[in-house]
file structure-v2.cif (mmCIF, C-alpha atoms)
data_my_file
loop_
_atom_site.label_atom_id
_atom_site.label_comp_id
_atom_site.auth_asym_id
_atom_site.auth_seq_id
_atom_site.Cartn_x
_atom_site.Cartn_y
_atom_site.Cartn_z
CA MET E 31 -8.28 12.07 25.39
CA HIS E 32 -5.39 13.70 23.50
CA ASP E 33 -6.00 16.85 21.56
CA THR E 34 -5.22 17.42 17.88
CA LYS E 35 -1.84 19.01 18.67
CA ASP E 36 -0.74 15.85 20.51
CA LYS E 37 -1.76 13.69 17.56
CA LYS E 38 0.01 15.93 15.04
CA ALA E 39 3.16 15.91 17.17
CA ARG E 40 2.95 12.11 17.55
CA LEU E 41 2.51 11.62 13.80
CA GLN E 42 5.45 13.92 13.10
CA LEU E 43 7.58 11.99 15.60
CA ILE E 44 6.61 8.66 13.99
CA ARG E 45 7.67 10.03 10.58
CA MET E 46 10.98 11.18 12.05
CA ILE E 47 11.68 7.85 13.80
CA VAL E 48 10.83 5.76 10.72
CA SER E 49 12.90 7.94 8.42
CA ASN E 50 15.96 7.92 10.71
CA GLN E 51 15.97 4.39 12.14
CA ALA E 52 15.51 0.85 10.90
CA VAL E 53 12.34 0.05 12.86
CA ALA E 54 11.42 -3.63 12.52
CA SER E 55 8.25 -3.89 14.63
CA GLN E 56 5.42 -1.90 16.14
CA TYR E 57 6.77 -2.87 19.56
CA ASP E 58 10.12 -1.20 18.69
CA LEU E 59 8.30 1.90 17.46
CA LEU E 60 6.16 2.03 20.64
CA GLU E 61 9.37 1.93 22.71
CA GLU E 62 10.85 4.83 20.72
CA LEU E 63 7.64 6.84 21.12
CA ASP E 64 7.65 6.15 24.86
CA LYS E 65 11.29 7.32 25.14
CA ALA E 66 10.22 10.59 23.51
CA GLY E 67 7.34 11.03 25.97
CA PHE E 68 4.50 9.79 23.76
CA SER E 69 2.93 6.78 25.43
CA SER E 70 0.63 5.01 22.98
CA THR E 71 -1.21 1.74 22.43
CA GLN E 72 -0.58 -0.73 19.62
CA THR E 73 -4.07 -0.05 18.27
CA THR E 74 -3.43 3.70 18.05
CA LEU E 75 -0.02 3.12 16.51
CA SER E 76 -1.51 0.80 13.91
CA ARG E 77 -4.05 3.49 12.96
CA ASP E 78 -1.28 6.10 12.81
CA LEU E 79 0.84 3.91 10.50
CA LYS E 80 -2.13 3.42 8.19
CA GLN E 81 -2.92 7.16 8.16
CA LEU E 82 0.72 7.98 7.38
CA ARG E 83 0.77 5.24 4.72
CA ILE E 84 3.85 3.73 6.33
CA SER E 85 4.45 0.20 5.16
CA LYS E 86 6.88 -2.59 5.85
CA VAL E 87 9.37 -3.55 3.15
CA ARG E 88 12.30 -5.89 2.96
CA ALA E 89 15.56 -3.97 3.28
CA ARG E 90 18.69 -4.87 1.34
CA ASN E 91 19.96 -6.82 4.34
CA GLY E 92 16.87 -9.05 4.15
CA LYS E 93 15.16 -7.73 7.29
CA SER E 94 11.72 -6.11 7.18
CA VAL E 95 11.53 -2.46 8.25
CA TYR E 96 8.96 0.32 8.20
CA VAL E 97 9.36 3.01 5.54
CA LEU E 98 7.55 6.20 4.62
CA PRO E 99 5.62 6.29 1.33
CA ASN E 100 7.97 6.85 -1.62
CA ASP E 101 10.96 6.53 0.69
CA GLY E 102 13.75 5.20 -1.49
CA GLN E 103 16.19 4.27 1.26
CA HIS E 104 15.38 0.57 0.97
CA MET E 105 14.66 0.47 -2.78
CA PRO E 106 16.89 -0.02 -5.80
CA ALA E 107 18.51 2.93 -7.54
CA PRO E 108 16.02 5.26 -9.32
CA LYS E 109 16.71 4.05 -12.86
CA GLN E 110 16.16 0.43 -11.85
CA ARG E 111 13.09 1.39 -9.85
CA GLU E 112 11.53 3.11 -12.85
CA GLU E 113 12.16 0.00 -14.94
CA VAL E 114 10.55 -2.18 -12.27
CA SER E 115 7.56 0.19 -12.01
CA MET E 116 6.94 0.00 -15.73
CA THR E 117 6.93 -3.80 -15.86
CA ARG E 118 5.34 -4.92 -12.59
CA TRP E 119 1.84 -3.41 -12.89
CA GLY E 120 -0.94 -5.78 -13.89
CA VAL E 121 -4.55 -6.70 -13.26
CA MET E 122 -6.27 -10.09 -13.46
CA PHE E 123 -9.73 -11.28 -12.49
CA SER E 124 -11.16 -14.46 -11.04
CA GLY E 125 -14.85 -14.47 -10.20
CA ASN E 126 -15.52 -11.40 -8.08
CA LEU E 127 -11.83 -10.95 -7.24
CA MET E 128 -9.45 -8.49 -8.88
CA VAL E 129 -5.73 -9.15 -8.42
CA VAL E 130 -3.55 -6.05 -8.79
CA HIS E 131 0.18 -6.67 -9.21
CA THR E 132 2.43 -3.78 -8.13
CA PRO E 133 6.16 -3.16 -7.85
CA PRO E 134 7.64 -4.65 -4.65
CA GLY E 135 6.69 -2.72 -1.52
CA HIS E 136 3.78 -0.82 -3.11
CA ALA E 137 0.81 -3.11 -2.42
CA SER E 138 -0.18 -1.71 0.98
CA MET E 139 -0.24 1.86 -0.35
CA VAL E 140 -2.31 0.77 -3.38
CA ALA E 141 -4.75 -1.11 -1.11
CA TYR E 142 -5.04 1.94 1.14
CA ASP E 143 -5.88 4.16 -1.84
CA ILE E 144 -8.50 1.69 -3.08
CA ASP E 145 -10.10 1.47 0.38
CA CYS E 146 -10.10 5.25 0.83
CA ALA E 147 -11.73 5.83 -2.58
CA ARG E 148 -14.92 4.26 -1.23
CA GLU E 149 -16.04 2.97 -4.62
CA GLY E 150 -19.13 0.86 -4.02
CA ILE E 151 -17.93 -1.76 -6.49
CA PHE E 152 -14.88 -2.55 -4.31
CA LEU E 153 -15.87 -4.16 -1.02
CA GLY E 154 -12.39 -4.45 0.48
CA THR E 155 -8.73 -5.27 -0.07
CA VAL E 156 -5.98 -7.51 1.25
CA ALA E 157 -2.38 -6.51 0.53
CA GLY E 158 0.88 -8.40 0.46
CA ASP E 159 4.23 -6.96 -0.64
CA ASP E 160 3.53 -6.68 -4.37
CA THR E 161 -0.03 -7.98 -4.77
CA VAL E 162 -3.45 -6.64 -3.77
CA ILE E 163 -6.59 -8.79 -3.75
CA VAL E 164 -9.67 -6.61 -4.30
CA VAL E 165 -13.04 -8.14 -3.48
CA MET E 166 -15.65 -6.78 -5.89
CA ALA E 167 -19.41 -6.68 -5.44
CA GLU E 168 -21.33 -9.60 -6.96
CA GLY E 169 -22.12 -8.94 -10.63
CA ALA E 170 -19.51 -6.19 -10.99
CA GLU E 171 -18.38 -5.75 -14.58
CA ARG E 172 -14.67 -6.15 -15.15
CA ALA E 173 -14.41 -3.30 -17.66
CA ASP E 174 -16.08 -0.97 -15.14
CA ALA E 175 -13.78 -2.22 -12.37
CA THR E 176 -10.76 -1.60 -14.59
CA ARG E 177 -11.87 1.99 -15.33
CA ARG E 178 -12.44 2.66 -11.64
CA ILE E 179 -9.12 1.18 -10.53
CA GLN E 180 -7.29 3.29 -13.13
CA LYS E 181 -9.05 6.39 -11.78
CA ILE E 182 -7.87 5.54 -8.26
CA ILE E 183 -4.35 4.44 -9.30
CA PRO E 184 -3.35 6.66 -12.26
CA SER E 185 -0.06 4.78 -12.74
CA LEU E 186 -2.14 1.89 -14.10
CA HIS E 187 -3.20 3.95 -17.16
CA GLY E 188 -1.71 2.52 -20.32
CA LYS E 189 0.26 -0.09 -18.38
CA VAL E 190 -2.46 -2.57 -17.54
CA LYS E 191 -2.68 -5.88 -19.32
CA PHE E 192 -5.16 -8.26 -17.90
CA LYS E 193 -6.49 -11.67 -18.59
CA ASP E 194 -10.16 -12.41 -18.31
CA THR E 195 -9.85 -15.77 -16.58
CA ASP E 196 -13.38 -16.76 -17.64
CA ASP E 197 -12.53 -16.87 -21.34
CA GLY E 198 -8.73 -16.71 -21.25
CA LYS E 199 -8.50 -13.70 -23.59
CA GLU E 200 -5.80 -11.16 -22.88
CA LEU E 201 -7.12 -7.63 -22.88
CA THR E 202 -5.34 -4.28 -22.62
CA ASP E 203 -6.65 -0.92 -21.54
#
call {"tool": "encode", "arguments": {"input": "structure-v2.cif", "output": "structure tokens"}}
result
Amino acid sequence: MHDTKDKKARLQLIRMIVSNQAVASQYDLLEELDKAGFSSTQTTLSRDLKQLRISKVRARNGKSVYVLPNDGQHMPAPKQREEVSMTRWGVMFSGNLMVVHTPPGHASMVAYDIDCAREGIFLGTVAGDDTVIVVMAEGAERADATRRIQKIIPSLHGKVKFKDTDDGKELTD
């Protein structure tokens, strides 16, 4: 078993590799780690990527690569990004599902934050590139779910418009 120092060094190396190279797959990242003397398994690497909140985004050249959280190297210029952030957030409900729309490339980080919050009302998440599906407990109230999600994801405050799909009314927070 590796000690804490080994893990910290491995995590730091993963950050360095992802920030300096266009890494397209976990296999490629495992090869780079091995070259640096850190032999690892795909399972361990997957856990490390989740802990570091590293996600895969589509680069300007169209290929998917791993990036660090808030790493702008594969995102539009800051002014454009702010405009996208302001307009892309949204929440909708269907039955016991909450659909959270995020700016491109943010969904996995949002899902991670929701999962880590351990709110009993949220049973689990599935993330795409810009959409998170949140499975809510049976009978969960949508207003309560909205308050809780805004507590977990502060950037949703004042920017959330959602439709209650049961009655079709558009509500705002």
call {"tool": "closest_residue", "arguments": {"input": "structure-v2.cif", "among": "E:Thr132, E:Lys65, E:Ile183, E:Arg118", "to": "E:Ile144", "atoms": "all atoms listed in the file"}}
result
E:Ile183
call {"tool": "closest_residue", "arguments": {"input": "structure-v2.cif", "among": "E:Val165, E:Leu63, E:Ile47, E:Ile84", "to": "E:Tyr96", "atoms": "only C-alpha atoms"}}
result
E:Ile84
call {"tool": "residues_near_point", "arguments": {"input": "structure-v2.cif", "point": "(3.9, -2.5, 13.0)", "cutoff": "10 Å", "atoms": "all atoms listed in the file", "output": "short mmCIF file (atom, residue, chain, number, x, y, z; two decimals) with C-alpha atoms, keeping the file's coordinate frame"}}
result
data_model
loop_
_atom_site.label_atom_id
_atom_site.label_comp_id
_atom_site.auth_asym_id
_atom_site.auth_seq_id
_atom_site.Cartn_x
_atom_site.Cartn_y
_atom_site.Cartn_z
CA VAL E 53 12.34 0.05 12.86
CA ALA E 54 11.42 -3.63 12.52
CA SER E 55 8.25 -3.89 14.63
CA GLN E 56 5.42 -1.90 16.14
CA TYR E 57 6.77 -2.87 19.56
CA ASP E 58 10.12 -1.20 18.69
CA LEU E 59 8.30 1.90 17.46
CA LEU E 60 6.16 2.03 20.64
CA GLN E 72 -0.58 -0.73 19.62
CA THR E 73 -4.07 -0.05 18.27
CA LEU E 75 -0.02 3.12 16.51
CA SER E 76 -1.51 0.80 13.91
CA ARG E 77 -4.05 3.49 12.96
CA LEU E 79 0.84 3.91 10.50
CA LYS E 80 -2.13 3.42 8.19
CA ILE E 84 3.85 3.73 6.33
CA SER E 85 4.45 0.20 5.16
CA LYS E 86 6.88 -2.59 5.85
CA VAL E 95 11.53 -2.46 8.25
CA TYR E 96 8.96 0.32 8.20
#
call {"tool": "resolve_selection", "arguments": {"input": "structure-v2.cif", "expression": "the PyMOL selection byres ((chain E and resi 152) around 7)", "output": "PyMOL selection string"}}
result
chain E and resi 149-151+153-154+164-167
call {"tool": "closest_residue", "arguments": {"input": "structure-v2.cif", "among": "E:Met122, E:Val48, E:Ala147, E:Leu41", "to": "E:Pro99", "atoms": "all atoms listed in the file"}}
result
E:Val48
call {"tool": "resolve_selection", "arguments": {"input": "structure-v2.cif", "expression": "the PyMOL selection byres ((chain E and resi 49) around 9)", "output": "list in words"}}
result
Ile44, Arg45, Met46, Ile47, Val48, Asn50, Gln51, Ala52, Tyr96, Val97, Leu98, Asp101 and Gln103 of chain E
call {"tool": "atom_distance", "arguments": {"input": "structure-v2.cif", "atom1": "atom CA of E:Asp160", "atom2": "atom CA of E:Met139"}}
result
10.2 Å
call {"tool": "residues_near_point", "arguments": {"input": "structure-v2.cif", "point": "(0.4, -6.6, -5.2)", "cutoff": "8 Å", "atoms": "only C-alpha atoms", "output": "list in words"}}
result
Val129, Val130, His131, Thr132, Pro133, Pro134, His136, Ala137, Ser138, Ala157, Gly158, Asp159, Asp160, Thr161, Val162 and Ile163 of chain E
call {"tool": "closest_residue", "arguments": {"input": "structure-v2.cif", "among": "E:Ala173, E:Gln180, E:Thr155, E:Glu61", "to": "E:Trp119", "atoms": "all atoms listed in the file"}}
result
E:Gln180
call {"tool": "atom_distance", "arguments": {"input": "structure-v2.cif", "atom1": "atom CA of E:Arg172", "atom2": "atom CA of E:Ser124"}}
result
9.9 Å
call {"tool": "resolve_selection", "arguments": {"input": "structure-v2.cif", "expression": "the PyMOL selection byres ((chain E and resi 40) around 10)", "output": "PDB file with C-alpha atoms, keeping the file's coordinate frame"}}
result
ATOM      1  CA  THR E  34      -5.220  17.420  17.880  1.00  0.00           C
ATOM      2  CA  LYS E  35      -1.840  19.010  18.670  1.00  0.00           C
ATOM      3  CA  ASP E  36      -0.740  15.850  20.510  1.00  0.00           C
ATOM      4  CA  LYS E  37      -1.760  13.690  17.560  1.00  0.00           C
ATOM      5  CA  LYS E  38       0.010  15.930  15.040  1.00  0.00           C
ATOM      6  CA  ALA E  39       3.160  15.910  17.170  1.00  0.00           C
ATOM      7  CA  LEU E  41       2.510  11.620  13.800  1.00  0.00           C
ATOM      8  CA  GLN E  42       5.450  13.920  13.100  1.00  0.00           C
ATOM      9  CA  LEU E  43       7.580  11.990  15.600  1.00  0.00           C
ATOM     10  CA  ILE E  44       6.610   8.660  13.990  1.00  0.00           C
ATOM     11  CA  ARG E  45       7.670  10.030  10.580  1.00  0.00           C
ATOM     12  CA  MET E  46      10.980  11.180  12.050  1.00  0.00           C
ATOM     13  CA  LEU E  63       7.640   6.840  21.120  1.00  0.00           C
ATOM     14  CA  ALA E  66      10.220  10.590  23.510  1.00  0.00           C
ATOM     15  CA  GLY E  67       7.340  11.030  25.970  1.00  0.00           C
ATOM     16  CA  PHE E  68       4.500   9.790  23.760  1.00  0.00           C
ATOM     17  CA  SER E  69       2.930   6.780  25.430  1.00  0.00           C
ATOM     18  CA  SER E  70       0.630   5.010  22.980  1.00  0.00           C
ATOM     19  CA  LEU E  75      -0.020   3.120  16.510  1.00  0.00           C
ATOM     20  CA  ASP E  78      -1.280   6.100  12.810  1.00  0.00           C
TER      21      ASP E  78
END
call {"tool": "atom_distance", "arguments": {"input": "structure-v2.cif", "atom1": "atom CA of E:Gly120", "atom2": "atom CA of E:Ile179"}}
result
11.3 Å
call {"tool": "closest_residue", "arguments": {"input": "structure-v2.cif", "among": "E:Val156, E:Pro184, E:Gly135, E:Val140", "to": "E:Val87", "atoms": "all atoms listed in the file"}}
result
E:Gly135
